[in-house]
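**Student:** A single structure is presented below for examination.
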Amino acid sequence: MKNAVSLLIKYMMMYLSCLVPRSRKIYVFGAWLGEKFADNPKYLFLEAQRDPDIRPVWITKDPEVCRQVRAMGYEAYLHASLKGIWIQLRAKYAVVCNGISDVNHTFLGRAVFLNLWHGVPLKKVGYDDDKVKNWDSQGQKIRRMIQQIPLGREYVVATSENYAPIYESAFRRPADHVLVMGQPRNDIFFDEEGRFHAQHKLRHAARGKKIILYAPTHRKEGQIPFPLEENFDFQRLNQWCREHQAVFVIKRHFYHREDPVDFSGFSNIADITEKSMDIQEILMDTDLLVTDYSSTYIDYLLLDRPMVFYDFDYQDYLKTDREMYYNYEDVTPGYKAETFDRLLEEMDMIFQGKDQFRDDRRKVRDLFYCEQGQKAVGSKLLEFLKKMS
């Protein structure tokens with residue numbers, strides 16, 4: 001009963017917020033359910049600082065994130081603070097990467113939402129992912145219908161024409177609400193002016209060693225621990241890295257950030273999951289990417305460097321976790337490893353200069369990215385928003 005009353009009040013506030021006049025100058029940004037200053041909204045937020053016609057404001061649930069953004073000289077508020085609520089009531093535009101809950105959508109009725117998403121999905125997402133939630137249950141249909149009037153002005157950004165129909169289905173958006181452009185988080189790859197001030201923390205910490213990044217996707221939305229220790233012999237891996245003058249850097253998915261793992265006994269293995277390091281800057285410093293089904297590799301394609309796919313649970317993943325939009329073999333341009341022994345062999349081949357996938361990487365890059373998506377897109381996305389009334 002209590003939950004029903006709270007939900008009713010929330011929907012009433014949502015509709016009432018439609019009546020507040022909204023300023024075309026105010027843009028609010030949020031990411032990862034309000035818990036991080038990161039991803040596509042972060043880079044579009046930074047781009048917006050250069051536009052005198054925009055007042056960009058970061059909205060977060062985390063006081064530390066709020067302090068972090070303010071320390072950079074930018075405007076930020078907690079999502080449920082009085083000032084944060086007022087700003088959201090007045091904002092004409094809201095930029096997110098997970099969904100409307102990245103900000104306090106209760107107070108954003110009739111605002112224009114731009115969903116940048118958090119990567120180019122290989123795995124089925126949103127309404128296409130029927131293994132996470134029954135999106136077409138009667139309760140979900142009623143909820144969508146109620147929210148459509150105050151929150152239905154949502155646009156999503158696809159990175160290629162191939163992904164436009166996928167996004168229509170995954171996000172239940174009409175074709176004219178899908179914008180084919182690119183990801184602003186990748187603008188840093190093309191930042192010749194140094195506007196984003198990439199710090200190259202990983203490169204400095206590696207002290208001349210080659211950097212291998214292991215960036216796997218989550219398992220079951222983080223509901224089970226990631227099977228890290230079951231699929232790595234860290235003693236052997238550490239020795240391999242010492243022999244090859246390399247450091248093996250592990251960045252687990254956000255959902256697995258609290259999984260207990262201790263690497264303190266290994267000289268050439270580091271877990272940076274809890275470090276405050278931007279994944280795009282990490283990719284820029286990476287010499288070899290090891291991943292599985294994570295969309296991280298699709299960003300990495302823009303850097304045209306070798307990658308290895310450690311797909312130790314591929315069949316089980318398809319059966320019990322997520323289906324995929326494409327045939328895995330067709331869109332993963334790199335060596336495949338189903339076992340740890342095979343992983344070491346394939347890393348050996350890369351370190352010997354045997355990169356056989358250069359042409360395949362370019363073909364897959366052109367499948368996932370339109371021409372515009374292979375260069376900076378932030379300013380064009382802001383211009384798009386300005387035209388939305």
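Labels used: A, B, ... for chains in the order of the structure tokens, numbers from 1 for residues in each chain, and numbers from 1 for ligands as shown.
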Please build the interface table for range 96-200 of chain A against range 209-218 of chain A with a cut-off of 12 Å, listing for each qualifying residue the nearest atom pair and the distance in Å to one decimal; count only C-alpha atoms, order rows by chain and increasing number, and write it as JSON lines.
**Tutor:**
{"residue": "A:Gly119", "atom": "CA", "partner": "A:Thr217", "partner_atom": "CA", "distance": 11.5}
{"residue": "A:Pro121", "atom": "CA", "partner": "A:Thr217", "partner_atom": "CA", "distance": 11.2}
{"residue": "A:Leu122", "atom": "CA", "partner": "A:Thr217", "partner_atom": "CA", "distance": 10.8}
{"residue": "A:Lys123", "atom": "CA", "partner": "A:Thr217", "partner_atom": "CA", "distance": 9.8}
{"residue": "A:His200", "atom": "CA", "partner": "A:Ile211", "partner_atom": "CA", "distance": 11.9}
**Student:** List the spatial neighbours of range 306-310 of chain A as a list in words - criterion: any atom at most 6 Å away, only C-alpha atoms, same-chain residues fewer than 6 positions off excluded.
**Tutor:**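 Residues near the query, excluding close chain neighbours: Leu288, Leu289, Val290, Thr291, Asp292, Gly334, Tyr335, Lys336 and Ala337 of chain A.
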**Student:** Would you mind exporting the chosen residues as an mmCIF file, in the first residue's frame, restricted to N, CA, C and O atoms?
**Tutor:**
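Result file follows (part_33.cif):
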data_model
loop_
_atom_site.group_PDB
_atom_site.id
_atom_site.type_symbol
_atom_site.label_atom_id
_atom_site.label_comp_id
_atom_site.auth_asym_id
_atom_site.auth_seq_id
_atom_site.Cartn_x
_atom_site.Cartn_y
_atom_site.Cartn_z
ATOM 1 N N LEU A 288 46.710 -3.730 -25.951
ATOM 2 C CA LEU A 288 45.964 -4.932 -26.329
ATOM 3 C C LEU A 288 44.739 -5.030 -25.434
ATOM 4 O O LEU A 288 44.851 -5.016 -24.205
ATOM 5 N N LEU A 289 43.569 -5.141 -26.051
ATOM 6 C CA LEU A 289 42.327 -5.288 -25.302
ATOM 7 C C LEU A 289 41.922 -6.751 -25.264
ATOM 8 O O LEU A 289 41.876 -7.424 -26.300
ATOM 9 N N VAL A 290 41.625 -7.254 -24.054
ATOM 10 C CA VAL A 290 41.046 -8.576 -23.870
ATOM 11 C C VAL A 290 39.640 -8.376 -23.333
ATOM 12 O O VAL A 290 39.453 -7.707 -22.304
ATOM 13 N N THR A 291 38.647 -8.917 -24.017
ATOM 14 C CA THR A 291 37.269 -8.734 -23.579
ATOM 15 C C THR A 291 36.459 -9.967 -23.928
ATOM 16 O O THR A 291 37.015 -11.024 -24.231
ATOM 17 N N ASP A 292 35.141 -9.860 -23.871
ATOM 18 C CA ASP A 292 34.289 -11.010 -24.187
ATOM 19 C C ASP A 292 33.117 -10.567 -25.065
ATOM 20 O O ASP A 292 33.179 -10.630 -26.282
ATOM 21 N N GLY A 334 39.107 -10.555 -33.995
ATOM 22 C CA GLY A 334 40.275 -10.843 -33.172
ATOM 23 C C GLY A 334 40.338 -12.321 -32.855
ATOM 24 O O GLY A 334 39.410 -13.084 -33.121
ATOM 25 N N TYR A 335 41.458 -12.742 -32.264
ATOM 26 C CA TYR A 335 41.608 -14.133 -31.849
ATOM 27 C C TYR A 335 40.565 -14.470 -30.784
ATOM 28 O O TYR A 335 40.221 -13.635 -29.945
ATOM 29 N N LYS A 336 40.071 -15.719 -30.811
ATOM 30 C CA LYS A 336 39.101 -16.191 -29.822
ATOM 31 C C LYS A 336 39.770 -17.210 -28.900
ATOM 32 O O LYS A 336 40.544 -18.065 -29.355
ATOM 33 N N ALA A 337 39.469 -17.112 -27.624
ATOM 34 C CA ALA A 337 40.038 -18.045 -26.639
ATOM 35 C C ALA A 337 38.931 -18.573 -25.750
ATOM 36 O O ALA A 337 38.223 -17.791 -25.111
#
**Student:** Give the alpha helix (DSSP H) residues of range 221-388 of chain A, as assigned by DSSP on the backbone, as an NGL selection string.
**Tutor:** :A and (234-243 or 279-285 or 296-300 or 314-320 or 340-351 or 358-368 or 378-386)
**Student:** Tell me which of A:His197, A:Asp321, A:Gln315, A:Asn98 sits closest to Met72 in chain A, counting only C-alpha atoms.
**Tutor:**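 Among the listed residues, A:His197 lies closest to Met72 in chain A.
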**Student:** With DSSP run on the backbone, what are the strand (DSSP E) residues within range 125-371 of chain A? I'd like them as a PyMOL selection string.
**Tutor:** chain A and resi 154-158+178-180+210-214+246-250+269-271+288-291+307-310+335-337
**Student:** Quick one: residues within 9 Å of Cys370 in chain A, only C-alpha atoms counted, chain neighbours fewer than 4 positions away excluded, as a PyMOL selection string?
**Tutor:** chain A and resi 159-162+180-182+365-366+374
**Student:** Using N, CA and C atoms, can you export the residues from the last selection as a CSV table (one decimal), in the first residue's frame?
**Tutor:**
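Output file part_35.csv follows:
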chain,number,residue,atom,x,y,z
A,159,THR,N,24.7,4.7,-33.7
A,159,THR,CA,25.9,5.0,-34.3
A,159,THR,C,26.0,4.7,-35.8
A,160,SER,N,25.0,4.0,-36.3
A,160,SER,CA,25.0,3.7,-37.8
A,160,SER,C,23.6,3.4,-38.2
A,161,GLU,N,23.4,3.5,-39.5
A,161,GLU,CA,22.1,3.1,-40.1
A,161,GLU,C,21.7,1.7,-39.7
A,162,ASN,N,22.7,0.8,-39.6
A,162,ASN,CA,22.4,-0.6,-39.2
A,162,ASN,C,21.8,-0.7,-37.9
A,180,VAL,N,20.9,9.1,-36.1
A,180,VAL,CA,22.2,8.4,-36.4
A,180,VAL,C,23.3,9.4,-36.4
A,181,MET,N,24.2,9.2,-35.5
A,181,MET,CA,25.3,10.1,-35.3
A,181,MET,C,26.6,9.4,-34.8
A,182,GLY,N,26.7,9.3,-33.5
A,182,GLY,CA,27.9,8.7,-32.9
A,182,GLY,C,27.9,9.0,-31.4
A,365,ARG,N,34.2,-2.0,-38.0
A,365,ARG,CA,34.1,-0.6,-37.6
A,365,ARG,C,33.1,0.1,-38.5
A,366,ASP,N,33.2,-0.1,-39.8
A,366,ASP,CA,32.2,0.5,-40.7
A,366,ASP,C,30.8,0.0,-40.6
A,374,GLN,N,32.7,8.3,-36.8
A,374,GLN,CA,34.1,8.0,-36.8
A,374,GLN,C,34.9,9.3,-36.6
**Student:** Distance CA of Asp259 in chain A-CA of Pro225 in chain A, one decimal place?
**Tutor:**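 Calculated distance between CA of Asp259 in chain A and CA of Pro225 in chain A is 6.2 Å.
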**Student:** Ranking A:Ile166, A:Cys18, A:Ala4, A:Ile59 by minimum distance to Asp129 in chain A and counting only C-alpha atoms, which one comes first?
**Tutor:**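 Result for the nearest residue to Asp129 in chain A: A:Ile166.
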**Student:** Any idea what's packed within 10 Å of range 154-157 of chain A, counting only C-alpha atoms, ignoring anything in its chain fewer than 2 positions away? Could you give it as a PyMOL selection string?
**Tutor:** chain A and resi 93-97+99-100+110-117+120+148+151-152+159-160+163-164+167-168+171+173-183+381+385
**Student:** Nearest residue to Asp278 in chain A out of A:Tyr127, A:Tyr43, A:Phe248, A:Tyr297, using only C-alpha atoms?
**Tutor:**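 Checking each of A:Tyr127, A:Tyr43, A:Phe248, A:Tyr297 against Asp278 in chain A, counting only C-alpha atoms, the winner is A:Tyr43.
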**Student:** Counting only C-alpha atoms, figure out which residue out of A:Arg361, A:Arg50, A:Arg342, A:Arg322 gets nearest to Lys124 in chain A.
**Tutor:**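 Looking only at the distances to Lys124 in chain A, the closest residue turns out to be A:Arg322.
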**Student:** Counting only C-alpha atoms, which of A:His204, A:Lys42, A:Arg362, A:Arg185 gets nearest to Tyr74 in chain A?
**Tutor:**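 The answer is A:Lys42, which sits nearest to Tyr74 in chain A.
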**Student:** Report, in Å to a single decimal, how far apart CA of Leu202 in chain A and CA of Ile272 in chain A are.
**Tutor:**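 Distance between the two atoms: 9.7 Å.
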**Student:** Near Val261 in chain A, within 9 Å and counting only C-alpha atoms, which residues show up once chain neighbours fewer than 5 positions away are dropped, as a PDB file with C-alpha atoms, in the first residue's frame?
**Tutor:**
ATOM      1  CA  LEU A 228      37.272 -14.302 -12.498  1.00  0.00           C
ATOM      2  CA  GLU A 229      39.353 -16.680 -10.400  1.00  0.00           C
ATOM      3  CA  ASP A 271      42.660  -4.258 -10.631  1.00  0.00           C
TER       4      ASP A 271
END
**Student:** Would you pick out the contacts of Arg195 in chain A at 9 Å or less, using only C-alpha atoms, so that residues sharing its chain but fewer than 3 positions from it are not included, and give the list as a ChimeraX atom specification?
**Tutor:** /A:46-47,188,191-192,198
**Student:** I need the chosen residues saved as a PDB file, in the first residue's frame, with C-alpha atoms.
**Tutor:**
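Result saved to result.pdb:
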ATOM      1  CA  LEU A  46      32.110  19.003 -21.151  1.00  0.00           C
ATOM      2  CA  GLU A  47      31.398  19.990 -24.752  1.00  0.00           C
ATOM      3  CA  ILE A 188      38.450  12.229 -26.906  1.00  0.00           C
ATOM      4  CA  ASP A 191      40.822  15.553 -29.592  1.00  0.00           C
ATOM      5  CA  GLU A 192      43.808  17.155 -31.332  1.00  0.00           C
ATOM      6  CA  ALA A 198      43.496  13.298 -21.215  1.00  0.00           C
TER       7      ALA A 198
END
**Student:** Mind giving me the straight-line distance from CA of Gln280 in chain A to CA of Gly353 in chain A in Å, one decimal?
**Tutor:**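 Answer for the CA of Gln280 in chain A to CA of Gly353 in chain A separation: 24.5 Å.
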**Student:** Would you kindly return, as a ChimeraX atom specification, each protein, DNA or RNA residue with an atom no farther than 9 Å from any atom of range 28-30 of chain A, considering only C-alpha atoms and excluding same-chain residues fewer than 2 positions away?
**Tutor:** /A:26,32-38,41-42,44-45,55-60,87-88,91-98,100-103
**Student:** Tell me which of A:Ala48, A:Val364, A:Ile149, A:Met284 sits closest to Glu329 in chain A, counting only C-alpha atoms.
**Tutor:** A:Val364
